[in-house]
Every structure is written in structure tokens, then in C-alpha cells.
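**Q** Dropping a structure here in C-alpha cells format, bear with me for questions.
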Amino acid sequence: MKNNKKVKKEKKLVKSVDQAKTVFNMLLQNSKKNLESGISELLDKLKNPKLDLLLDRYPDLLQEYDLEELLSGDLEIIGAETQDVKTAGLLSCLQLLLHFCYELKENPNPNPNDKRFGSLRYILKSITCSQFVHELLYVVISLVGTDYYQKFQQRIQNLNFDSESAIELESDPELNEHIDLMTWFALVRLFLESVYTYFNSSDKNFKNTT
């Protein structure tokens with residue numbers, strides 16, 4: 001990513017199909033507060049009407065441009081910032097991946113020739129997992145600020161990941177403002193790594209996803 005070279009590359013968390021299935025089961029079972037609602041919360045915090053309009057236009061934009069081009073950050077569209085075009089693409093792709101995986105959980109025996117698989121593979125071929133995560137992280141940091149992000153990173157490095165540590169994070173006055181967004185991003189990262197690991201695996205088994 002051009003705008004955020006200082007963010008270090010994180011190690012991959014999901015490394016196998018079995019781990020991906022475990023993450024799907026964990027993340028897709030909560031219908032009340034899920035990853036999709038986090039997208040809405042992010043958009044509310046960004047307060048960017050032009051981005052909202054681009055999201056509404058995205059199906060039409062996909063008829064005019066390749067997805068890879070829309071996600072590049074180089075595409076100039078009249079009346080829109082190039083970063084907004086890319087952000088709209090990232091969030092649109094995330095919404096589609098979430099929708100598809102929720103449907104897959106409800107119907108674990110889909111036809112591999114279903115056109116939705118084609119759409120999913122199109123997304124995975126248009127942007128790598130590391131790029132997807134990195135670009136979303138840039139959007140998050142642009143909102144919370146680098147100082148907040150660095151403080152958050154320092155806090156989590158010194159914590160054990162258990163319920164007591166989670167309570168400690170949530171009660172930290174310096175982190176309280178954006179803690180929900182940071183938690184959402186961490187879960188999105190897990191979700192994306194799981195999607196790419198599972199569907200890019202040479203041992204795909206669509207009948208046993210969930």
C-alpha cells in the first residue's frame with residue numbers, strides 16, 4: 001500500500017483448512033453482532049457521504065471497470081477521491097464474502113458450479129489476502145490515528161488473550177473510544193485469512209465448510 005508503508009507485516013494467523021473451518025464456526029454463529037454490522041459502524045465513524053455514494057454505485061462501477069482496477073487506488077472517477085474508490089471496493093468485497101459465507105453456513109452442500117463461487121474466486125484473484133488486510137488496516141488507522149493505533153499495539157503485546165485481558169482492554173480509558181473498531185478489525189482479519197486459506201486450498205471440500 002502506498003500510504004502506509006510503516007505498518008509492519010503481520011504473521012499469518014490461519015494456516016490450514018481446519019483452522020479456517022474453526023474460525024468460520026466461531027465468527028458466523030453470532031447473528032446479533034457480527035462482522036457485517038461492524039462495516040456499518042465503520043462507515044458511520046468515517047462520516048464520508050461520497051464513500052456512501054460510491055458503495056451504492058459499486059455494482060454499476062463493476063460493469064465499467066475490472067475489480068483489480070477499482071481496488072488499485074489509481075483509478076480516477078469524476079467526483080470521487082481515489083482512496084474512496086478503493087475503500088468502497090474493499091468494503092463491497094468484504095460484504096460479498098460475508099454474505100456468501102453466511103449462505104454457505106446455512107447451506108453446507110452447495111453446487112461448486114454455482115455462479116456465486118465464480119464471484120468469490122474473482123475477488124480472491126483480484127487482491128491478495130495480505131493486501132486486503134493491509135488496505136483495511138490503513139482505513140482503520142486513518143480513522144483512529146497512528147498514536148491510538150500504536151498505543152493499542154503496545155497494550156495487546158503485553159496481554160494474555162483471555163477474558164480478563166479483554167476486560168482490561170475495554171476498561172482502558174485511552175483505548176475506549178475505538179476499542180470496538182479495533183476488535184472488529186481483528187475479527188475481519190481472521191475471517192479474511194480463513195476465506196483465502198479455505199478457498200485457495202488445493203484440497204477444497206465445499207461440502208464440509210462448517
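Labels for the C-alpha cells follow display order: chains A, B, ..., residues from 1 in each chain, ligands from 1.
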Using only C-alpha atoms, which protein or nucleic acid residues come within 12 Å of stretch 119-134 of chain A? Drop anything in the same chain fewer than 6 positions from it, and give the result as number ranges by chain.
**A** A: 1-14, 62, 66-73, 86-87, 89-101, 104, 112-113, 140-141, 185-201
**Q** Would you mind telling me which residue in A:Tyr65, A:Lys105, A:Phe117, A:Glu135 lies nearest to A:Leu27 when using only C-alpha atoms?
**A**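 So, comparing all the options, the nearest one is A:Lys105.
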**Q** Any idea what's packed within 9 Å of stretch 173-180 of chain A, counting only C-alpha atoms, ignoring anything in its chain fewer than 4 positions away? Could you give it as a list in words?
**A**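 Returned residues: Gly38, Val144, Tyr148, Lys151, Phe152, Leu169, Trp184 and Phe185 of chain A.
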**Q** Keeping only C-alpha atoms, take the residues you just selected and write them out as a PDB file, in the first residue's frame.
**A**
ATOM      1  CA  GLY A  38     -19.062  -3.579  12.018  1.00  0.00           C
ATOM      2  CA  VAL A 144      -8.313   6.190  14.790  1.00  0.00           C
ATOM      3  CA  TYR A 148      -4.030   5.488  19.099  1.00  0.00           C
ATOM      4  CA  LYS A 151      -0.927   2.567  21.968  1.00  0.00           C
ATOM      5  CA  PHE A 152      -3.304  -0.271  21.128  1.00  0.00           C
ATOM      6  CA  LEU A 169      -8.592  -3.581  27.361  1.00  0.00           C
ATOM      7  CA  TRP A 184     -13.868  -5.695  14.617  1.00  0.00           C
ATOM      8  CA  PHE A 185     -10.730  -5.329  12.512  1.00  0.00           C
TER       9      PHE A 185
END
**Q** Among stretch 10-206 of chain A, which residues carry a DSSP assignment of alpha helix (DSSP H), reported as number ranges by chain?
**A** A: 17-27, 35-46, 49-64, 67-70, 82-106, 115-126, 129-144, 146-157, 163-170, 179-199
**Q** Return the single residue from A:Thr82, A:Lys47, A:Glu106, A:Val139 that is closest to A:Leu28, with distances computed using only C-alpha atoms.
**A**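 Closest to A:Leu28, using only C-alpha atoms: A:Glu106.
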**Q** Please report the interatomic distance between atom CA of A:Leu54 and atom CA of A:Val85 in Å with one decimal.
**A**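 Separation between atom CA of A:Leu54 and atom CA of A:Val85: 6.8 Å.
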**Q** Using only C-alpha atoms, which residue out of A:Leu61, A:Leu181, A:Met26, A:Ala88 lies closest to A:Asn48?
**A** A:Ala88
